[in-house]
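> Pasting model-v4.cif below, which is mmCIF, C-alpha atoms.
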data_start
#
loop_
_atom_site.group_PDB
_atom_site.id
_atom_site.type_symbol
_atom_site.label_atom_id
_atom_site.label_comp_id
_atom_site.auth_asym_id
_atom_site.auth_seq_id
_atom_site.Cartn_x
_atom_site.Cartn_y
_atom_site.Cartn_z
ATOM 1 C CA MET A 1 -19.482 53.720 -47.819
ATOM 2 C CA ALA A 2 -15.689 53.668 -48.056
ATOM 3 C CA ASN A 3 -15.236 50.686 -45.722
ATOM 4 C CA ASP A 4 -18.190 48.629 -46.962
ATOM 5 C CA ASP A 5 -16.859 45.483 -48.676
ATOM 6 C CA SER A 6 -20.272 44.213 -49.776
ATOM 7 C CA GLU A 7 -19.708 45.415 -53.347
ATOM 8 C CA PHE A 8 -16.101 44.215 -53.463
ATOM 9 C CA LEU A 9 -14.967 40.995 -55.136
ATOM 10 C CA MET A 10 -12.353 38.711 -53.579
ATOM 11 C CA ILE A 11 -8.969 38.810 -55.305
ATOM 12 C CA SER A 12 -8.611 35.066 -54.688
ATOM 13 C CA GLY A 13 -11.621 34.590 -56.962
ATOM 14 C CA LEU A 14 -9.508 35.602 -59.973
ATOM 15 C CA LYS A 15 -7.735 32.238 -59.813
ATOM 16 C CA HIS A 16 -11.069 30.382 -59.759
ATOM 17 C CA PHE A 17 -12.311 32.576 -62.601
ATOM 18 C CA GLN A 18 -9.300 31.926 -64.805
ATOM 19 C CA PHE A 19 -9.435 28.199 -64.008
ATOM 20 C CA CYS A 20 -13.164 27.957 -64.751
ATOM 21 C CA ARG A 21 -15.831 30.677 -64.821
ATOM 22 C CA ARG A 22 -18.458 28.241 -63.614
ATOM 23 C CA ARG A 23 -16.284 27.223 -60.653
ATOM 24 C CA TRP A 24 -15.928 30.878 -59.668
ATOM 25 C CA ALA A 25 -19.692 31.396 -59.885
ATOM 26 C CA LEU A 26 -20.436 28.274 -57.822
ATOM 27 C CA VAL A 27 -18.178 29.541 -55.029
ATOM 28 C CA HIS A 28 -18.767 33.296 -55.138
ATOM 29 C CA ILE A 29 -22.339 33.610 -56.453
ATOM 30 C CA GLU A 30 -24.031 30.398 -55.297
ATOM 31 C CA GLN A 31 -21.857 30.092 -52.155
ATOM 32 C CA LEU A 32 -21.057 26.412 -52.716
ATOM 33 C CA TRP A 33 -17.742 24.849 -51.735
ATOM 34 C CA GLU A 34 -16.218 21.439 -51.076
ATOM 35 C CA GLU A 35 -12.714 20.602 -49.904
ATOM 36 C CA ASN A 36 -10.427 18.042 -51.457
ATOM 37 C CA ALA A 37 -6.840 17.043 -50.643
ATOM 38 C CA LEU A 38 -5.354 19.776 -52.831
ATOM 39 C CA THR A 39 -7.443 22.622 -51.404
ATOM 40 C CA LEU A 40 -6.748 21.468 -47.824
ATOM 41 C CA GLU A 41 -2.989 21.378 -48.436
ATOM 42 C CA GLY A 42 -3.221 24.836 -49.950
ATOM 43 C CA HIS A 43 -5.034 26.165 -46.857
ATOM 44 C CA PHE A 44 -2.383 24.703 -44.542
ATOM 45 C CA MET A 45 0.400 26.311 -46.565
ATOM 46 C CA HIS A 46 -1.249 29.738 -46.427
ATOM 47 C CA GLU A 47 -1.872 29.408 -42.685
ATOM 48 C CA ARG A 48 1.879 28.950 -42.202
ATOM 49 C CA VAL A 49 2.553 32.127 -44.176
ATOM 50 C CA HIS A 50 -0.260 34.394 -42.931
ATOM 51 C CA ASP A 51 0.136 36.277 -39.693
ATOM 52 C CA ASP A 52 -1.244 39.791 -40.010
ATOM 53 C CA SER A 53 0.436 40.834 -36.753
ATOM 54 C CA PHE A 54 3.866 39.616 -37.834
ATOM 55 C CA THR A 55 6.552 41.763 -39.453
ATOM 56 C CA GLU A 56 10.047 40.305 -39.559
ATOM 57 C CA ALA A 57 13.201 42.338 -40.199
ATOM 58 C CA ARG A 58 16.003 40.658 -42.118
ATOM 59 C CA GLY A 59 18.779 43.176 -42.370
ATOM 60 C CA SER A 60 17.462 46.101 -44.406
ATOM 61 C CA VAL A 61 14.434 44.083 -45.598
ATOM 62 C CA LEU A 62 11.056 43.957 -43.854
ATOM 63 C CA LEU A 63 8.717 40.981 -44.370
ATOM 64 C CA SER A 64 5.047 41.790 -43.801
ATOM 65 C CA ARG A 65 2.760 38.734 -43.759
ATOM 66 C CA GLY A 66 -0.982 38.596 -44.320
ATOM 67 C CA MET A 67 -1.337 42.227 -45.396
ATOM 68 C CA PRO A 68 -4.972 43.193 -46.199
ATOM 69 C CA VAL A 69 -5.309 45.059 -49.504
ATOM 70 C CA ARG A 70 -8.138 46.673 -51.473
ATOM 71 C CA SER A 71 -8.763 48.820 -54.522
ATOM 72 C CA GLN A 72 -11.559 51.376 -54.554
ATOM 73 C CA GLU A 73 -11.135 51.750 -58.318
ATOM 74 C CA LEU A 74 -11.459 48.042 -59.165
ATOM 75 C CA LYS A 75 -13.714 47.163 -56.193
ATOM 76 C CA ILE A 76 -11.585 44.180 -55.174
ATOM 77 C CA THR A 77 -10.167 43.156 -51.797
ATOM 78 C CA GLY A 78 -7.992 40.405 -50.372
ATOM 79 C CA VAL A 79 -4.832 39.519 -48.459
ATOM 80 C CA CYS A 80 -1.231 39.375 -49.662
ATOM 81 C CA ASP A 81 0.651 36.302 -48.449
ATOM 82 C CA MET A 82 3.844 38.323 -48.124
ATOM 83 C CA VAL A 83 4.956 41.845 -48.950
ATOM 84 C CA GLU A 84 8.705 42.381 -48.868
ATOM 85 C CA LEU A 85 9.776 45.958 -48.207
ATOM 86 C CA TYR A 86 13.221 47.097 -49.366
ATOM 87 C CA LYS A 87 14.853 50.378 -48.342
ATOM 88 C CA ASP A 88 14.840 52.583 -51.415
ATOM 89 C CA GLU A 89 15.153 56.364 -51.637
ATOM 90 C CA ASN A 90 12.684 56.264 -54.533
ATOM 91 C CA GLY A 91 10.164 54.252 -52.508
ATOM 92 C CA VAL A 92 7.272 55.310 -50.271
ATOM 93 C CA PRO A 93 7.057 56.163 -46.551
ATOM 94 C CA ILE A 94 5.737 53.420 -44.244
ATOM 95 C CA GLN A 95 3.995 54.310 -40.982
ATOM 96 C CA GLY A 96 6.186 53.527 -37.976
ATOM 97 C CA ARG A 97 9.333 53.049 -40.086
ATOM 98 C CA ASP A 98 12.110 55.462 -40.968
ATOM 99 C CA GLY A 99 13.077 56.123 -44.552
ATOM 100 C CA ARG A 100 11.358 55.109 -47.763
ATOM 101 C CA TRP A 101 10.514 51.607 -48.949
ATOM 102 C CA ARG A 102 9.929 49.682 -52.171
ATOM 103 C CA LEU A 103 7.102 47.114 -52.071
ATOM 104 C CA TYR A 104 7.494 43.631 -53.535
ATOM 105 C CA PRO A 105 4.512 41.249 -53.120
ATOM 106 C CA VAL A 106 5.083 37.480 -53.026
ATOM 107 C CA GLU A 107 2.265 34.928 -53.378
ATOM 108 C CA TYR A 108 2.779 31.370 -52.084
ATOM 109 C CA LYS A 109 1.354 28.399 -53.997
ATOM 110 C CA LEU A 110 1.319 24.713 -53.125
ATOM 111 C CA GLY A 111 2.127 23.077 -56.454
ATOM 112 C CA GLN A 112 4.242 23.917 -59.458
ATOM 113 C CA PRO A 113 4.287 26.852 -61.944
ATOM 114 C CA ASP A 114 0.891 27.571 -63.459
ATOM 115 C CA ILE A 115 0.862 27.558 -67.264
ATOM 116 C CA GLN A 116 -2.645 29.061 -67.460
ATOM 117 C CA GLY A 117 -1.535 32.322 -65.878
ATOM 118 C CA ALA A 118 -4.147 32.335 -63.108
ATOM 119 C CA ASP A 119 -1.545 32.779 -60.366
ATOM 120 C CA ALA A 120 0.047 35.738 -62.152
ATOM 121 C CA LEU A 121 -3.381 37.323 -62.569
ATOM 122 C CA GLN A 122 -4.086 37.067 -58.834
ATOM 123 C CA LEU A 123 -0.629 38.416 -57.961
ATOM 124 C CA CYS A 124 -1.009 41.342 -60.351
ATOM 125 C CA ALA A 125 -4.352 42.266 -58.767
ATOM 126 C CA GLN A 126 -2.692 42.328 -55.327
ATOM 127 C CA ALA A 127 0.055 44.592 -56.656
ATOM 128 C CA MET A 128 -2.495 46.933 -58.245
ATOM 129 C CA CYS A 129 -4.207 47.260 -54.860
ATOM 130 C CA LEU A 130 -0.890 48.037 -53.174
ATOM 131 C CA GLU A 131 -0.103 50.649 -55.828
ATOM 132 C CA GLU A 132 -3.399 52.403 -55.173
ATOM 133 C CA MET A 133 -3.068 52.185 -51.382
ATOM 134 C CA PHE A 134 0.540 53.433 -51.180
ATOM 135 C CA VAL A 135 0.514 55.653 -54.301
ATOM 136 C CA THR A 136 3.474 53.869 -55.822
ATOM 137 C CA ASN A 137 4.493 51.757 -58.799
ATOM 138 C CA ILE A 138 5.252 48.032 -58.584
ATOM 139 C CA PRO A 139 6.834 46.767 -61.826
ATOM 140 C CA GLU A 140 7.335 43.160 -60.729
ATOM 141 C CA ALA A 141 6.411 40.626 -58.041
ATOM 142 C CA ALA A 142 7.006 36.922 -57.385
ATOM 143 C CA LEU A 143 5.256 33.573 -57.049
ATOM 144 C CA TYR A 144 6.735 30.926 -54.760
ATOM 145 C CA TYR A 145 5.842 27.310 -55.569
ATOM 146 C CA GLY A 146 6.074 24.826 -52.707
ATOM 147 C CA LYS A 147 6.465 21.716 -54.862
ATOM 148 C CA VAL A 148 9.580 22.968 -56.655
ATOM 149 C CA LYS A 149 10.673 25.295 -53.799
ATOM 150 C CA ARG A 150 11.462 28.060 -56.227
ATOM 151 C CA ARG A 151 10.435 31.633 -56.897
ATOM 152 C CA GLN A 152 9.172 32.793 -60.244
ATOM 153 C CA CYS A 153 9.476 36.476 -61.099
ATOM 154 C CA VAL A 154 6.344 38.006 -62.663
ATOM 155 C CA LEU A 155 6.601 41.200 -64.706
ATOM 156 C CA LEU A 156 3.469 43.263 -64.159
ATOM 157 C CA THR A 157 2.996 44.338 -67.751
ATOM 158 C CA GLU A 158 0.240 46.555 -69.127
ATOM 159 C CA GLU A 159 -1.188 43.476 -70.867
ATOM 160 C CA LEU A 160 -1.443 41.593 -67.557
ATOM 161 C CA ARG A 161 -2.948 44.622 -65.810
ATOM 162 C CA GLN A 162 -5.572 44.989 -68.537
ATOM 163 C CA LYS A 163 -6.434 41.307 -68.207
ATOM 164 C CA VAL A 164 -7.036 41.860 -64.474
ATOM 165 C CA LYS A 165 -9.358 44.786 -65.262
ATOM 166 C CA ASP A 166 -11.252 42.843 -67.958
ATOM 167 C CA SER A 167 -11.646 39.775 -65.718
ATOM 168 C CA VAL A 168 -12.872 41.830 -62.762
ATOM 169 C CA MET A 169 -15.381 43.623 -64.991
ATOM 170 C CA GLU A 170 -16.741 40.306 -66.303
ATOM 171 C CA MET A 171 -16.941 38.902 -62.761
ATOM 172 C CA GLN A 172 -18.836 41.973 -61.577
ATOM 173 C CA GLN A 173 -21.334 41.640 -64.432
ATOM 174 C CA LEU A 174 -21.964 37.967 -63.620
ATOM 175 C CA MET A 175 -22.324 38.804 -59.922
ATOM 176 C CA LEU A 176 -24.770 41.624 -60.684
ATOM 177 C CA LYS A 177 -26.908 39.317 -62.830
ATOM 178 C CA GLY A 178 -26.510 36.381 -60.418
ATOM 179 C CA ARG A 179 -25.736 34.170 -63.408
ATOM 180 C CA THR A 180 -23.739 30.926 -63.281
ATOM 181 C CA PRO A 181 -22.181 29.920 -66.638
ATOM 182 C CA LYS A 182 -22.999 26.531 -68.124
ATOM 183 C CA ALA A 183 -20.734 23.569 -67.358
ATOM 184 C CA LYS A 184 -18.082 22.599 -69.871
ATOM 185 C CA MET A 185 -16.366 19.245 -69.393
ATOM 186 C CA GLY A 186 -12.570 19.430 -69.494
ATOM 187 C CA LYS A 187 -9.382 17.803 -68.184
ATOM 188 C CA ALA A 188 -9.296 20.084 -65.138
ATOM 189 C CA CYS A 189 -12.699 18.800 -63.973
ATOM 190 C CA LYS A 190 -11.108 15.633 -62.561
ATOM 191 C CA SER A 191 -9.112 17.574 -59.932
ATOM 192 C CA CYS A 192 -11.835 20.122 -59.165
ATOM 193 C CA SER A 193 -13.293 19.869 -55.656
ATOM 194 C CA LEU A 194 -16.697 20.952 -57.010
ATOM 195 C CA VAL A 195 -17.049 18.300 -59.708
ATOM 196 C CA ASP A 196 -19.828 16.422 -57.854
ATOM 197 C CA ILE A 197 -21.819 19.624 -57.381
ATOM 198 C CA CYS A 198 -21.090 21.044 -60.822
ATOM 199 C CA GLN A 199 -22.037 17.851 -62.709
ATOM 200 C CA PRO A 200 -20.196 18.916 -65.913
ATOM 201 C CA LYS A 201 -21.227 15.742 -67.724
ATOM 202 C CA LEU A 202 -24.857 16.788 -67.531
ATOM 203 C CA ALA A 203 -24.092 20.221 -69.015
ATOM 204 C CA LYS A 204 -27.650 21.339 -68.323
ATOM 205 C CA GLN A 205 -28.642 24.974 -68.220
ATOM 206 C CA VAL A 206 -29.509 24.913 -64.541
ATOM 207 C CA SER A 207 -27.684 26.296 -61.542
ATOM 208 C CA ALA A 208 -25.982 24.021 -59.044
ATOM 209 C CA SER A 209 -28.428 25.257 -56.409
ATOM 210 C CA GLU A 210 -31.351 24.155 -58.573
ATOM 211 C CA TYR A 211 -29.682 20.789 -59.214
ATOM 212 C CA ILE A 212 -29.265 20.181 -55.467
ATOM 213 C CA HIS A 213 -32.850 21.353 -54.824
ATOM 214 C CA ARG A 214 -34.170 18.847 -57.371
ATOM 215 C CA ALA A 215 -32.032 16.060 -55.916
ATOM 216 C CA PHE A 216 -33.448 16.604 -52.424
ATOM 217 C CA HIS A 217 -37.023 16.611 -53.714
ATOM 218 C CA GLU A 218 -36.427 13.406 -55.633
ATOM 219 C CA GLU A 219 -35.173 11.758 -52.420
ATOM 220 C CA ASP A 220 -38.283 12.956 -50.562
ATOM 221 C CA GLU A 221 -40.525 11.416 -53.209
ATOM 222 C CA VAL A 222 -38.921 7.968 -52.939
#
For the structure just supplied, provide its representation as structure tokens.

Amino acid sequence: MANDDSEFLMISGLKHFQFCRRRWALVHIEQLWEENALTLEGHFMHERVHDDSFTEARGSVLLSRGMPVRSQELKITGVCDMVELYKDENGVPIQGRDGRWRLYPVEYKLGQPDIQGADALQLCAQAMCLEEMFVTNIPEAALYYGKVKRRQCVLLTEELRQKVKDSVMEMQQLMLKGRTPKAKMGKACKSCSLVDICQPKLAKQVSASEYIHRAFHEEDEV
């Protein structure tokens, strides 16, 4: 079914996946999640940006917030924080608007520039969805970081696009098998909201769900 999202992966999961494959699996396969101060601040920031009924005109530029996107080819879906539309004779037609427009997605992040490249991966996936939906080409996009209040241009290279495809394929294989990767202790574990569920120090070959199940049974036996 064309509109059935049950087989589609969330674009936002690419950031989790790049950060830690186990974290992605805990959230998207085992459906486990815990908030911490950083994730809550991130939610508040996105709530200020998202408004899927809001399109603002600034001169010749349109700002479309909270635009839903999807790719039938990659089987991914999500929401763009902001898509800026610039009048361009080489652009694409937009329903309800005169002329042709060039699309420029912008993703908003709470902190500072990400050296791991997870943000760029997520942004590229959004752009690839837009390209498929509007039958256009998007050579670059931008990340806006709240902590430094600055935009960072991201070139959507073939290398970055291939990394999106490879990551999505690996995520789909893990989802199909229902397999959660083993825990690996690292520096990022300290700031992860799932550290208490993940238990990276134990590094046992059991799922978080099984760990929680055992913990409850142990409490019952006391």
> When the PyMOL selection byres ((chain A and resi 113-130) around 6) is applied to the file above, which residues end up in the set, as a short mmCIF file (atom, residue, chain, number, x, y, z; two decimals) with C-alpha atoms, keeping the file's coordinate frame?

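Written output follows (expr_35.cif):
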data_model
loop_
_atom_site.label_atom_id
_atom_site.label_comp_id
_atom_site.auth_asym_id
_atom_site.auth_seq_id
_atom_site.Cartn_x
_atom_site.Cartn_y
_atom_site.Cartn_z
CA LEU A 14 -9.51 35.60 -59.97
CA LYS A 15 -7.74 32.24 -59.81
CA GLN A 18 -9.30 31.93 -64.81
CA VAL A 69 -5.31 45.06 -49.50
CA ARG A 70 -8.14 46.67 -51.47
CA SER A 71 -8.76 48.82 -54.52
CA GLN A 112 4.24 23.92 -59.46
CA GLU A 131 -0.10 50.65 -55.83
CA GLU A 132 -3.40 52.40 -55.17
CA MET A 133 -3.07 52.18 -51.38
CA PHE A 134 0.54 53.43 -51.18
#
> Which residues, written as a ChimeraX atom specification, have at least one atom at most 12 Å from Thr136 in chain A, with all atoms listed in the file counted and residues fewer than 6 positions away on the same chain left out?
/A:90-94,100-104,127-130
> To one decimal place, how far is CA of Asp88 in chain A from CA of Gln162 in chain A in Å?
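Computing the Euclidean distance for CA of Asp88 in chain A and CA of Gln162 in chain A yields 27.7 Å.
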> Nearest to Gln172 in chain A among A:Arg21, A:Arg58, A:Lys87, A:Lys75, with distances taken over all atoms listed in the file: which residue is it?
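Of A:Arg21, A:Arg58, A:Lys87, A:Lys75, the one nearest Gln172 in chain A, counting all atoms listed in the file, is A:Lys75.
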> Name the residues captured by the PyMOL selection byres ((chain A and resi 8) around 12) when it is applied to the shown file; answer as a list in words.
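Selected by the PyMOL selection byres ((chain A and resi 8) around 12) here: Met1, Ala2, Asn3, Asp4, Asp5, Ser6, Glu7, Leu9, Met10, Ile11, Ser12, Gly13, His28, Val69, Arg70, Ser71, Gln72, Glu73, Leu74, Lys75, Ile76, Thr77, Gly78, Val168, Met169, Met171, Gln172, Met175 and Leu176 of chain A.
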